[in-house]
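**Student:** Structure file my_file-v2.pdb, PDB, C-alpha atoms and all ligand atoms, is pasted below:
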ATOM      1  CA  MET A 126      73.848 -38.291 -58.361
ATOM      2  CA  LEU A 127      74.899 -34.678 -57.822
ATOM      3  CA  LYS A 128      77.493 -35.070 -60.576
ATOM      4  CA  ARG A 129      74.796 -36.165 -62.965
ATOM      5  CA  LEU A 130      72.360 -33.458 -61.898
ATOM      6  CA  PHE A 131      74.869 -30.659 -62.138
ATOM      7  CA  PRO A 132      74.733 -30.152 -65.933
ATOM      8  CA  LYS A 133      70.991 -29.590 -65.614
ATOM      9  CA  THR A 134      71.394 -26.730 -63.146
ATOM     10  CA  GLY A 135      72.074 -23.025 -63.340
ATOM     11  CA  HIS A 136      68.550 -21.966 -64.290
ATOM     12  CA  ALA A 137      66.893 -21.330 -60.932
ATOM     13  CA  TYR A 138      66.554 -17.853 -59.443
ATOM     14  CA  VAL A 139      67.644 -18.495 -55.861
ATOM     15  CA  ILE A 140      66.055 -16.115 -53.368
ATOM     16  CA  GLY A 141      67.281 -16.071 -49.774
ATOM     17  CA  ILE A 142      64.828 -14.875 -47.117
ATOM     18  CA  THR A 143      66.505 -14.204 -43.814
ATOM     19  CA  GLY A 144      65.616 -12.415 -40.571
ATOM     20  CA  SER A 145      65.072 -12.851 -36.855
ATOM     21  CA  PRO A 146      62.962 -15.668 -35.443
ATOM     22  CA  GLY A 147      59.265 -14.969 -35.862
ATOM     23  CA  ALA A 148      59.756 -12.036 -38.254
ATOM     24  CA  GLY A 149      57.261 -13.615 -40.624
ATOM     25  CA  LYS A 150      59.692 -15.235 -43.058
ATOM     26  CA  SER A 151      57.610 -18.375 -43.592
ATOM     27  CA  THR A 152      54.448 -16.342 -44.097
ATOM     28  CA  LEU A 153      56.234 -14.158 -46.624
ATOM     29  CA  VAL A 154      57.754 -17.165 -48.392
ATOM     30  CA  GLU A 155      54.342 -18.742 -48.624
ATOM     31  CA  LYS A 156      52.841 -15.578 -50.143
ATOM     32  CA  LEU A 157      55.722 -15.125 -52.577
ATOM     33  CA  ALA A 158      55.409 -18.760 -53.628
ATOM     34  CA  GLY A 159      51.689 -18.212 -54.183
ATOM     35  CA  GLU A 160      52.412 -15.235 -56.460
ATOM     36  CA  TYR A 161      54.974 -17.183 -58.467
ATOM     37  CA  ARG A 162      52.598 -20.112 -58.784
ATOM     38  CA  ALA A 163      49.930 -17.762 -60.099
ATOM     39  CA  SER A 164      52.236 -17.049 -63.034
ATOM     40  CA  GLY A 165      52.864 -20.753 -63.549
ATOM     41  CA  ILE A 166      56.406 -20.770 -62.172
ATOM     42  CA  GLN A 167      57.658 -23.940 -60.464
ATOM     43  CA  VAL A 168      58.822 -23.185 -56.941
ATOM     44  CA  GLY A 169      61.167 -24.953 -54.551
ATOM     45  CA  ILE A 170      61.185 -23.955 -50.880
ATOM     46  CA  LEU A 171      63.965 -24.776 -48.441
ATOM     47  CA  ALA A 172      63.475 -23.880 -44.785
ATOM     48  CA  VAL A 173      66.922 -24.223 -43.271
ATOM     49  CA  ASP A 174      67.166 -24.923 -39.569
ATOM     50  CA  PRO A 175      63.916 -23.111 -38.752
ATOM     51  CA  THR A 176      63.374 -22.083 -35.157
ATOM     52  CA  SER A 177      59.842 -23.276 -35.661
ATOM     53  CA  PRO A 178      59.027 -25.815 -38.337
ATOM     54  CA  PHE A 179      57.864 -24.392 -41.637
ATOM     55  CA  SER A 180      54.464 -25.853 -40.899
ATOM     56  CA  GLY A 181      54.317 -24.015 -37.549
ATOM     57  CA  GLY A 182      53.068 -20.447 -37.159
ATOM     58  CA  ALA A 183      52.428 -19.866 -40.803
ATOM     59  CA  ILE A 184      50.245 -22.871 -41.328
ATOM     60  CA  LEU A 185      48.237 -22.188 -38.185
ATOM     61  CA  GLY A 186      47.610 -18.625 -39.272
ATOM     62  CA  ASP A 187      46.723 -19.535 -42.813
ATOM     63  CA  ARG A 188      46.042 -23.229 -42.877
ATOM     64  CA  ILE A 189      43.912 -23.380 -45.989
ATOM     65  CA  ARG A 190      46.259 -21.434 -48.219
ATOM     66  CA  MET A 191      49.320 -23.321 -47.068
ATOM     67  CA  GLN A 192      47.543 -26.576 -47.721
ATOM     68  CA  ASN A 193      46.805 -25.384 -51.207
ATOM     69  CA  LEU A 194      50.493 -24.681 -51.648
ATOM     70  CA  SER A 195      51.612 -28.033 -50.289
ATOM     71  CA  MET A 196      49.142 -29.937 -52.423
ATOM     72  CA  ASP A 197      50.264 -28.063 -55.527
ATOM     73  CA  SER A 198      52.601 -30.305 -57.541
ATOM     74  CA  GLY A 199      54.381 -27.160 -58.767
ATOM     75  CA  VAL A 200      55.751 -26.515 -55.276
ATOM     76  CA  TYR A 201      58.308 -28.594 -53.428
ATOM     77  CA  ILE A 202      58.813 -27.794 -49.731
ATOM     78  CA  ARG A 203      61.674 -29.158 -47.706
ATOM     79  CA  SER A 204      62.843 -28.422 -44.162
ATOM     80  CA  MET A 205      66.457 -29.007 -43.204
ATOM     81  CA  ALA A 206      66.713 -28.810 -39.466
ATOM     82  CA  THR A 207      69.725 -30.879 -38.565
ATOM     83  CA  ARG A 208      72.722 -28.942 -37.441
ATOM     84  CA  GLY A 209      76.060 -30.627 -37.010
ATOM     85  CA  MET A 210      75.725 -32.803 -40.087
ATOM     86  CA  LEU A 211      79.063 -33.708 -41.642
ATOM     87  CA  GLY A 212      80.320 -30.825 -43.700
ATOM     88  CA  GLY A 213      77.800 -28.426 -42.184
ATOM     89  CA  LEU A 214      74.438 -27.000 -42.963
ATOM     90  CA  ALA A 215      75.507 -24.602 -45.705
ATOM     91  CA  PRO A 216      76.960 -27.366 -47.946
ATOM     92  CA  ALA A 217      73.811 -29.449 -47.420
ATOM     93  CA  ALA A 218      71.644 -26.488 -48.434
ATOM     94  CA  HIS A 219      73.897 -25.958 -51.448
ATOM     95  CA  ASP A 220      73.337 -29.529 -52.606
ATOM     96  CA  ALA A 221      69.605 -29.239 -51.990
ATOM     97  CA  VAL A 222      69.480 -26.179 -54.270
ATOM     98  CA  THR A 223      71.300 -28.197 -56.939
ATOM     99  CA  VAL A 224      68.610 -30.886 -56.748
ATOM    100  CA  LEU A 225      65.715 -28.397 -56.866
ATOM    101  CA  ASP A 226      67.331 -26.490 -59.733
ATOM    102  CA  ALA A 227      67.815 -29.715 -61.712
ATOM    103  CA  ALA A 228      64.231 -30.711 -60.952
ATOM    104  CA  GLY A 229      63.068 -27.653 -62.856
ATOM    105  CA  CYS A 230      62.241 -25.191 -60.077
ATOM    106  CA  GLN A 231      62.596 -21.796 -61.737
ATOM    107  CA  VAL A 232      62.504 -20.116 -58.351
ATOM    108  CA  VAL A 233      64.040 -21.483 -55.154
ATOM    109  CA  LEU A 234      63.165 -19.714 -51.901
ATOM    110  CA  ILE A 235      65.521 -20.393 -48.981
ATOM    111  CA  GLU A 236      64.356 -19.381 -45.518
ATOM    112  CA  THR A 237      67.038 -18.979 -42.845
ATOM    113  CA  VAL A 238      67.227 -17.323 -39.457
ATOM    114  CA  GLY A 239      69.775 -14.574 -39.964
ATOM    115  CA  VAL A 240      71.839 -14.988 -36.854
ATOM    116  CA  GLY A 241      74.921 -17.090 -37.408
ATOM    117  CA  GLN A 242      77.793 -17.650 -39.768
ATOM    118  CA  ASP A 243      75.967 -20.602 -41.326
ATOM    119  CA  GLU A 244      73.175 -18.250 -42.339
ATOM    120  CA  VAL A 245      75.542 -15.767 -43.903
ATOM    121  CA  GLU A 246      77.019 -18.645 -45.883
ATOM    122  CA  ILE A 247      73.603 -19.912 -46.872
ATOM    123  CA  ALA A 248      72.629 -16.410 -47.921
ATOM    124  CA  ARG A 249      75.683 -16.391 -50.171
ATOM    125  CA  LEU A 250      74.069 -19.314 -51.986
ATOM    126  CA  ALA A 251      71.314 -17.031 -53.109
ATOM    127  CA  ASP A 252      71.245 -14.836 -56.200
ATOM    128  CA  VAL A 253      69.385 -12.268 -54.143
ATOM    129  CA  THR A 254      68.928 -11.881 -50.394
ATOM    130  CA  VAL A 255      65.900 -10.402 -48.657
ATOM    131  CA  LEU A 256      66.326  -9.334 -45.041
ATOM    132  CA  VAL A 257      63.046  -9.338 -43.126
ATOM    133  CA  LEU A 258      62.836  -6.829 -40.282
ATOM    134  CA  VAL A 259      59.942  -6.001 -37.987
ATOM    135  CA  PRO A 260      58.736  -2.890 -36.141
ATOM    136  CA  GLY A 261      59.982  -2.557 -32.623
ATOM    137  CA  MET A 262      63.544  -3.412 -33.462
ATOM    138  CA  GLY A 263      64.518   0.145 -34.387
ATOM    139  CA  ASP A 264      67.731   0.399 -32.431
ATOM    140  CA  ASP A 265      68.416  -3.277 -32.903
ATOM    141  CA  VAL A 266      69.018  -2.703 -36.596
ATOM    142  CA  GLN A 267      72.453  -1.536 -35.520
ATOM    143  CA  THR A 268      73.158  -4.719 -33.673
ATOM    144  CA  PHE A 269      71.892  -7.001 -36.384
ATOM    145  CA  LYS A 270      74.801  -9.075 -37.452
ATOM    146  CA  ALA A 271      76.803  -6.879 -39.780
ATOM    147  CA  GLY A 272      77.417  -9.728 -42.193
ATOM    148  CA  VAL A 273      73.709 -10.258 -42.667
ATOM    149  CA  MET A 274      73.047  -6.548 -43.114
ATOM    150  CA  GLU A 275      75.679  -6.300 -45.810
ATOM    151  CA  ILE A 276      74.433  -9.175 -47.907
ATOM    152  CA  ALA A 277      70.868  -7.844 -48.061
ATOM    153  CA  ASP A 278      69.752  -6.708 -51.516
ATOM    154  CA  LEU A 279      66.223  -5.967 -50.372
ATOM    155  CA  PHE A 280      64.925  -4.900 -46.989
ATOM    156  CA  VAL A 281      61.399  -5.895 -46.085
ATOM    157  CA  ILE A 282      59.759  -4.411 -43.019
ATOM    158  CA  ASN A 283      57.125  -6.997 -42.301
ATOM    159  CA  LYS A 284      54.291  -6.645 -39.761
ATOM    160  CA  SER A 285      53.861  -3.088 -40.963
ATOM    161  CA  ASP A 286      50.378  -3.249 -39.521
ATOM    162  CA  ARG A 287      52.108  -2.720 -36.187
ATOM    163  CA  PRO A 288      53.394   0.619 -34.945
ATOM    164  CA  GLY A 289      57.045   1.465 -35.468
ATOM    165  CA  ALA A 290      57.539   0.517 -39.117
ATOM    166  CA  GLU A 291      58.645   4.075 -40.005
ATOM    167  CA  ARG A 292      61.206   4.010 -37.253
ATOM    168  CA  VAL A 293      62.807   0.842 -38.613
ATOM    169  CA  GLU A 294      62.724   2.310 -42.108
ATOM    170  CA  GLN A 295      64.604   5.390 -40.886
ATOM    171  CA  GLU A 296      67.171   3.232 -39.124
ATOM    172  CA  VAL A 297      67.774   1.135 -42.225
ATOM    173  CA  THR A 298      67.985   4.219 -44.451
ATOM    174  CA  ALA A 299      70.513   5.750 -42.070
ATOM    175  CA  MET A 300      72.477   2.539 -41.936
ATOM    176  CA  LEU A 301      72.490   2.177 -45.717
ATOM    177  CA  SER A 302      73.750   5.717 -46.190
ATOM    178  CA  ILE A 303      76.949   4.806 -44.374
ATOM    179  CA  THR A 304      77.347   1.310 -45.797
ATOM    180  CA  PRO A 305      79.553   1.217 -48.860
ATOM    181  CA  ARG A 306      77.896  -0.785 -51.647
ATOM    182  CA  VAL A 307      79.985  -2.906 -53.930
ATOM    183  CA  ASN A 308      77.584  -2.365 -56.817
ATOM    184  CA  ASP A 309      75.115   0.130 -58.267
ATOM    185  CA  TRP A 310      72.068  -1.544 -56.862
ATOM    186  CA  GLN A 311      70.439   0.595 -54.204
ATOM    187  CA  PRO A 312      68.701  -1.858 -51.848
ATOM    188  CA  PRO A 313      65.043  -0.861 -51.626
ATOM    189  CA  ILE A 314      63.153  -0.839 -48.339
ATOM    190  CA  LEU A 315      59.641  -2.257 -48.654
ATOM    191  CA  LYS A 316      56.810  -2.621 -46.165
ATOM    192  CA  THR A 317      54.635  -5.707 -46.012
ATOM    193  CA  VAL A 318      51.913  -7.363 -44.014
ATOM    194  CA  ALA A 319      52.691 -10.940 -44.919
ATOM    195  CA  THR A 320      49.578 -12.339 -43.244
ATOM    196  CA  THR A 321      47.289 -10.417 -45.613
ATOM    197  CA  GLY A 322      49.697 -10.334 -48.547
ATOM    198  CA  GLU A 323      49.817  -6.537 -48.516
ATOM    199  CA  GLY A 324      52.975  -5.260 -50.198
ATOM    200  CA  VAL A 325      53.991  -8.711 -51.418
ATOM    201  CA  PRO A 326      53.511  -7.928 -55.138
ATOM    202  CA  ALA A 327      55.926  -4.993 -54.692
ATOM    203  CA  VAL A 328      58.522  -7.370 -53.231
ATOM    204  CA  LEU A 329      58.023  -9.642 -56.211
ATOM    205  CA  SER A 330      58.497  -6.822 -58.684
ATOM    206  CA  LYS A 331      61.696  -5.671 -56.946
ATOM    207  CA  LEU A 332      62.968  -9.243 -57.093
ATOM    208  CA  ASP A 333      62.237  -9.278 -60.831
ATOM    209  CA  GLU A 334      63.890  -5.888 -61.201
ATOM    210  CA  PHE A 335      66.988  -7.110 -59.409
ATOM    211  CA  LYS A 336      67.097 -10.148 -61.638
ATOM    212  CA  ALA A 337      66.756  -8.058 -64.775
ATOM    213  CA  CYS A 338      69.135  -5.348 -63.610
ATOM    214  CA  GLY A 339      72.166  -5.196 -65.894
ATOM    215  CA  GLU A 340      74.416  -4.762 -62.917
ATOM    216  CA  ARG A 341      73.254  -8.061 -61.672
ATOM    217  CA  GLU A 342      75.073 -10.006 -64.362
ATOM    218  CA  THR A 343      78.485  -8.981 -63.068
ATOM    219  CA  LEU A 344      77.213  -9.255 -59.539
ATOM    220  CA  LYS A 345      75.898 -12.700 -60.319
ATOM    221  CA  VAL A 346      79.233 -13.853 -61.696
ATOM    222  CA  LYS A 347      81.079 -12.381 -58.744
ATOM    223  CA  ARG A 348      78.791 -14.076 -56.264
ATOM    224  CA  ALA A 349      78.867 -17.324 -58.172
ATOM    225  CA  ARG A 350      82.680 -17.326 -58.079
ATOM    226  CA  GLU A 351      82.646 -16.680 -54.353
ATOM    227  CA  ARG A 352      80.032 -19.381 -53.813
ATOM    228  CA  TRP A 353      81.953 -21.970 -55.803
ATOM    229  CA  ARG A 354      85.201 -21.031 -54.105
ATOM    230  CA  LEU A 355      83.607 -21.731 -50.714
ATOM    231  CA  ARG A 356      82.009 -24.904 -51.993
ATOM    232  CA  LEU A 357      85.245 -26.202 -53.514
ATOM    233  CA  MET A 358      87.188 -25.484 -50.342
ATOM    234  CA  ALA A 359      84.543 -27.217 -48.252
ATOM    235  CA  LEU A 360      84.508 -30.269 -50.528
ATOM    236  CA  LEU A 361      88.294 -30.453 -50.598
ATOM    237  CA  ARG A 362      88.471 -30.213 -46.832
ATOM    238  CA  GLN A 363      85.869 -32.924 -46.383
ATOM    239  CA  ASN A 364      87.256 -35.288 -49.030
ATOM    240  CA  LEU A 365      90.873 -34.884 -47.966
ATOM    241  CA  PHE A 366      89.917 -35.468 -44.368
ATOM    242  CA  GLU A 367      87.969 -38.620 -45.182
ATOM    243  CA  LYS A 368      90.722 -39.882 -47.471
ATOM    244  CA  PHE A 369      93.358 -39.196 -44.837
ATOM    245  CA  LEU A 370      91.401 -40.976 -42.136
ATOM    246  CA  ALA A 371      90.631 -43.958 -44.328
ATOM    247  CA  GLU A 372      94.037 -44.403 -45.933
ATOM    248  CA  GLN A 373      96.554 -43.081 -43.471
ATOM    249  CA  ILE A 374      95.233 -43.663 -39.999
ATOM    250  CA  PRO A 375      95.333 -47.337 -38.988
ATOM    251  CA  ASP A 376      92.418 -48.709 -36.973
ATOM    252  CA  GLY A 377      92.796 -47.889 -33.308
ATOM    253  CA  GLU A 378      95.385 -45.176 -33.935
ATOM    254  CA  ILE A 379      93.205 -42.380 -32.600
ATOM    255  CA  GLU A 380      92.244 -44.417 -29.538
ATOM    256  CA  ALA A 381      95.908 -45.222 -28.885
ATOM    257  CA  ARG A 382      96.759 -41.536 -28.687
ATOM    258  CA  LEU A 383      94.102 -40.630 -26.159
ATOM    259  CA  ASP A 384      95.874 -41.816 -23.005
ATOM    260  CA  ASP A 385      98.761 -39.427 -23.583
ATOM    261  CA  LEU A 386      96.323 -36.570 -23.988
ATOM    262  CA  VAL A 387      94.168 -37.472 -21.029
ATOM    263  CA  ASN A 388      97.294 -37.653 -18.843
ATOM    264  CA  HIS A 389      98.705 -34.460 -20.351
ATOM    265  CA  ARG A 390     101.900 -36.236 -21.407
ATOM    266  CA  THR A 391     101.621 -34.496 -24.739
ATOM    267  CA  ASP A 392      99.468 -31.888 -26.481
ATOM    268  CA  PRO A 393      96.995 -32.437 -29.320
ATOM    269  CA  TYR A 394      98.979 -30.205 -31.707
ATOM    270  CA  THR A 395     102.044 -32.403 -31.412
ATOM    271  CA  VAL A 396      99.898 -35.517 -31.818
ATOM    272  CA  VAL A 397      98.435 -34.176 -35.059
ATOM    273  CA  ASP A 398     101.890 -33.186 -36.312
ATOM    274  CA  ASP A 399     103.152 -36.685 -35.503
ATOM    275  CA  MET A 400     100.242 -38.408 -37.181
ATOM    276  CA  ILE A 401     100.753 -36.413 -40.375
ATOM    277  CA  GLU A 402     104.532 -36.932 -40.142
ATOM    278  CA  GLU A 403     104.130 -40.680 -39.784
ATOM    279  CA  SER A 404     101.679 -40.916 -42.667
ATOM    280  CA  ARG A 405     102.743 -41.265 -46.275
ATOM    281  CA  TRP A 406     101.396 -37.744 -46.773
ATOM    282  CA  ALA A 407     104.255 -36.206 -44.850
ATOM    283  CA  PRO A 408     105.883 -33.611 -47.129
ATOM    284  CA  ALA A 409     109.333 -34.150 -45.587
ATOM    285  CA  LYS A 410     109.278 -37.880 -46.269
ATOM    286  CA  ASN A 411     108.122 -37.399 -49.841
ATOM    287  CA  LEU A 412     110.968 -34.989 -50.417
ATOM    288  CA  LYS A 413     113.485 -37.488 -49.039
ATOM    289  CA  SER A 414     112.180 -40.345 -51.116
ATOM    290  CA  THR A 415     112.450 -38.345 -54.338
ATOM    291  CA  SER A 416     115.909 -36.909 -53.624
TER     292      SER A 416
HETATM  293  N1  LIG B   1      50.580  -8.824 -37.357
HETATM  294  C1  LIG B   1      51.296  -9.520 -38.234
HETATM  295  N2  LIG B   1      51.653 -10.778 -37.936
HETATM  296  C2  LIG B   1      52.381 -11.455 -38.845
HETATM  297  C3  LIG B   1      52.785 -10.876 -40.073
HETATM  298  N3  LIG B   1      53.510 -11.789 -40.753
HETATM  299  C4  LIG B   1      53.571 -12.887 -39.978
HETATM  300  N4  LIG B   1      52.883 -12.700 -38.834
HETATM  301  C5  LIG B   1      52.704 -13.669 -37.740
HETATM  302  O1  LIG B   1      53.945 -13.819 -37.050
HETATM  303  C6  LIG B   1      54.099 -15.165 -36.592
HETATM  304  C7  LIG B   1      55.409 -15.724 -37.100
HETATM  305  O2  LIG B   1      55.342 -15.872 -38.505
HETATM  306  P1  LIG B   1      56.286 -16.880 -39.295
HETATM  307  O3  LIG B   1      55.998 -16.686 -40.735
HETATM  308  O4  LIG B   1      56.170 -18.247 -38.751
HETATM  309  O5  LIG B   1      57.705 -16.268 -38.922
HETATM  310  P2  LIG B   1      59.153 -16.859 -39.236
HETATM  311  O6  LIG B   1      60.046 -15.713 -39.414
HETATM  312  O7  LIG B   1      59.071 -17.849 -40.330
HETATM  313  O8  LIG B   1      59.466 -17.597 -37.875
HETATM  314  P3  LIG B   1      60.624 -18.657 -37.579
HETATM  315  O9  LIG B   1      60.717 -19.588 -38.760
HETATM  316  O10 LIG B   1      60.148 -19.316 -36.341
HETATM  317  O11 LIG B   1      61.881 -17.867 -37.365
HETATM  318  C8  LIG B   1      52.893 -15.927 -37.106
HETATM  319  O12 LIG B   1      51.953 -15.999 -36.063
HETATM  320  C9  LIG B   1      52.362 -15.060 -38.221
HETATM  321  O13 LIG B   1      50.991 -15.216 -38.431
HETATM  322  C10 LIG B   1      52.364  -9.528 -40.349
HETATM  323  O14 LIG B   1      52.687  -8.940 -41.382
HETATM  324  N5  LIG B   1      51.641  -8.904 -39.389
HETATM  325 MG    MG B   2      59.697 -19.861 -40.402
END
Spit out the file's structure as structure tokens when you get a sec.

**Tutor:**
Amino acid sequence: MLKRLFPKTGHAYVIGITGSPGAGKSTLVEKLAGEYRASGIQVGILAVDPTSPFSGGAILGDRIRMQNLSMDSGVYIRSMATRGMLGGLAPAAHDAVTVLDAAGCQVVLIETVGVGQDEVEIARLADVTVLVLVPGMGDDVQTFKAGVMEIADLFVINKSDRPGAERVEQEVTAMLSITPRVNDWQPPILKTVATTGEGVPAVLSKLDEFKACGERETLKVKRARERWRLRLMALLRQNLFEKFLAEQIPDGEIEARLDDLVNHRTDPYTVVDDMIEESRWAPAKNLKSTS
């Protein structure tokens, strides 16, 4: 199905929203989606491995509006909360974006908690990445995972109704001044109160600006190449592994090796070497048979 959908993709503007748990990502996503809907744009929303379900805090705080959004046929909302799925969360999110893109979503918002490697990879899926920070984490800006900090194209200080927003802004400004940028885009720092929608239109206009920015075209190509490189490697790894298991490892072979490992008669590295050596995939054997 993905093969057939693929030719219909490449049109969506994929926006990654990342940040610490409870930073207000869902609330912001919901407000951004509302703004896009107001201009008639079809929106897809992916909440990837949320610490609280998408329908948690945000919907309690703003039940009516969220219901409006979820009853709107121009919005598709999907939570992906299962870690440890074969191939990983990032590839699954990648495929989900393909489906939403093919379905005609002009904007796809991906919400992730910006803490792990998976999130950095998911953020790489996006055409633009918004990092949501909150007051009270001034010094913590330093400790925020460097990878996440570097991929941010837009910084949003949400919960600006609380004291300490200026402090975070200063920290981010200071951090940005020493972070080498790979492009001309100067990441803006915006303040929002997602619960009331204050500052959200400014986020939207920066997102549009980023999209329109001439620099973005080269940036887009560069990111797309990187994204497809990762995706190809992941698919190769997965397919080769499955093919190897199915074609080269006889039933019971893995089980038969376990006793030696349990009793420490051999090590797993040697076992793997042996299994590859004994399979038809062994490079040495192939060489012999052709010489
Ligand atoms: N005071 C204030 N509260 C906010 C603001 N934005 C969100 N909140 C509240 O913060 C809580 C968390 O908001 P969410 O949108 O669920 O945060 P999240 O980042 O999606 O959380 P996780 O998905 O659990 O990581 C909710 O109770 C919101 O109502 C804001 O700008 N100001
Ligand atoms: Mg959330």

**Student:** So, counting all atoms listed in the file, which residue among A:Ala172, A:Ile166, A:Met205, A:Val318 is closest to ligand LIG 1 (chain B)?

**Tutor:**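 When distances to ligand LIG 1 (chain B) are compared using all atoms listed in the file, the smallest one comes from A:Val318.
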
**Student:** Mind pulling up the distance from atom CA of A:Leu225 to atom CA of A:Asp333?

**Tutor:**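 Separation of atom CA of A:Asp333 and atom CA of A:Leu225: 19.8 Å.
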
**Student:** Would you mind reading off the distance between atom CA of A:Thr343 and atom CA of A:Glu296, one decimal, in Å?

**Tutor:** 29.2 Å

**Student:** Near A:Ile140, within 9 Å and counting all atoms listed in the file, which residues show up once chain neighbours fewer than 3 positions away are dropped, as a compact mmCIF listing (two decimals) with C-alpha atoms, keeping the file's coordinate frame?

**Tutor:**
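As written to disk, around-v3.txt reads:
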# COMPACT_ATOMS: atom_id res chain seq x y z
CA VAL A 232 62.50 -20.12 -58.35
CA VAL A 233 64.04 -21.48 -55.15
CA LEU A 234 63.16 -19.71 -51.90
CA ILE A 235 65.52 -20.39 -48.98
CA GLU A 236 64.36 -19.38 -45.52
CA ALA A 248 72.63 -16.41 -47.92
CA LEU A 250 74.07 -19.31 -51.99
CA ALA A 251 71.31 -17.03 -53.11
CA ASP A 252 71.24 -14.84 -56.20
CA VAL A 253 69.39 -12.27 -54.14
CA THR A 254 68.93 -11.88 -50.39
CA VAL A 255 65.90 -10.40 -48.66
CA LEU A 332 62.97 -9.24 -57.09

**Student:** Name the closest residue to A:Ser204 among the candidates A:Leu127, A:Leu355, A:Cys338, A:Ala218; distances are taken between atoms, counting all atoms listed in the file.

**Tutor:** A:Ala218

**Student:** Could you check which of A:Ala319, A:Val396, A:Met274, A:Ala327 is closest to A:Lys156, using all atoms listed in the file?

**Tutor:**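 Smallest distance to A:Lys156 is found for A:Ala319.
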
**Student:** Adding 3 Å on each side of the box along x, y and z that holds all listed atoms of ligand LIG 1 (chain B), could you give its centre and edge lengths in Å to one decimal, as JSON?

**Tutor:**
{"center_x": 56.2, "center_y": -14.2, "center_z": -38.7, "size_x": 17.3, "size_y": 16.8, "size_z": 11.3}

**Student:** Take stretch 345-357 of chain A, model N, CA, C and O atoms, and hand the result over as an mmCIF file, in the frame of the given file.

**Tutor:**
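Saved to result.cif:
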data_model
loop_
_atom_site.group_PDB
_atom_site.id
_atom_site.type_symbol
_atom_site.label_atom_id
_atom_site.label_comp_id
_atom_site.auth_asym_id
_atom_site.auth_seq_id
_atom_site.Cartn_x
_atom_site.Cartn_y
_atom_site.Cartn_z
ATOM 1 N N LYS A 345 76.218 -11.278 -60.338
ATOM 2 C CA LYS A 345 75.898 -12.700 -60.319
ATOM 3 C C LYS A 345 77.165 -13.539 -60.489
ATOM 4 O O LYS A 345 77.390 -14.500 -59.762
ATOM 5 N N VAL A 346 77.996 -13.117 -61.436
ATOM 6 C CA VAL A 346 79.233 -13.853 -61.696
ATOM 7 C C VAL A 346 80.144 -13.783 -60.474
ATOM 8 O O VAL A 346 80.715 -14.778 -60.042
ATOM 9 N N LYS A 347 80.229 -12.580 -59.905
ATOM 10 C CA LYS A 347 81.079 -12.381 -58.744
ATOM 11 C C LYS A 347 80.624 -13.266 -57.583
ATOM 12 O O LYS A 347 81.417 -13.944 -56.934
ATOM 13 N N ARG A 348 79.323 -13.257 -57.360
ATOM 14 C CA ARG A 348 78.791 -14.076 -56.264
ATOM 15 C C ARG A 348 78.953 -15.551 -56.556
ATOM 16 O O ARG A 348 79.245 -16.336 -55.657
ATOM 17 N N ALA A 349 78.742 -15.909 -57.814
ATOM 18 C CA ALA A 349 78.867 -17.324 -58.172
ATOM 19 C C ALA A 349 80.300 -17.788 -57.937
ATOM 20 O O ALA A 349 80.534 -18.875 -57.414
ATOM 21 N N ARG A 350 81.273 -16.955 -58.304
ATOM 22 C CA ARG A 350 82.680 -17.326 -58.079
ATOM 23 C C ARG A 350 82.952 -17.535 -56.594
ATOM 24 O O ARG A 350 83.602 -18.489 -56.203
ATOM 25 N N GLU A 351 82.438 -16.601 -55.801
ATOM 26 C CA GLU A 351 82.646 -16.680 -54.353
ATOM 27 C C GLU A 351 81.989 -17.942 -53.786
ATOM 28 O O GLU A 351 82.568 -18.651 -52.973
ATOM 29 N N ARG A 352 80.788 -18.221 -54.269
ATOM 30 C CA ARG A 352 80.032 -19.381 -53.813
ATOM 31 C C ARG A 352 80.775 -20.667 -54.157
ATOM 32 O O ARG A 352 80.937 -21.547 -53.341
ATOM 33 N N TRP A 353 81.273 -20.747 -55.392
ATOM 34 C CA TRP A 353 81.953 -21.970 -55.803
ATOM 35 C C TRP A 353 83.320 -22.103 -55.156
ATOM 36 O O TRP A 353 83.802 -23.193 -54.910
ATOM 37 N N ARG A 354 83.935 -20.968 -54.836
ATOM 38 C CA ARG A 354 85.201 -21.031 -54.105
ATOM 39 C C ARG A 354 84.977 -21.681 -52.737
ATOM 40 O O ARG A 354 85.666 -22.615 -52.353
ATOM 41 N N LEU A 355 83.937 -21.185 -52.034
ATOM 42 C CA LEU A 355 83.607 -21.731 -50.714
ATOM 43 C C LEU A 355 83.244 -23.207 -50.802
ATOM 44 O O LEU A 355 83.666 -24.020 -49.988
ATOM 45 N N ARG A 356 82.469 -23.522 -51.839
ATOM 46 C CA ARG A 356 82.009 -24.904 -51.993
ATOM 47 C C ARG A 356 83.179 -25.839 -52.298
ATOM 48 O O ARG A 356 83.277 -26.935 -51.758
ATOM 49 N N LEU A 357 84.084 -25.381 -53.174
ATOM 50 C CA LEU A 357 85.245 -26.202 -53.514
ATOM 51 C C LEU A 357 86.132 -26.440 -52.297
ATOM 52 O O LEU A 357 86.591 -27.550 -52.049
#
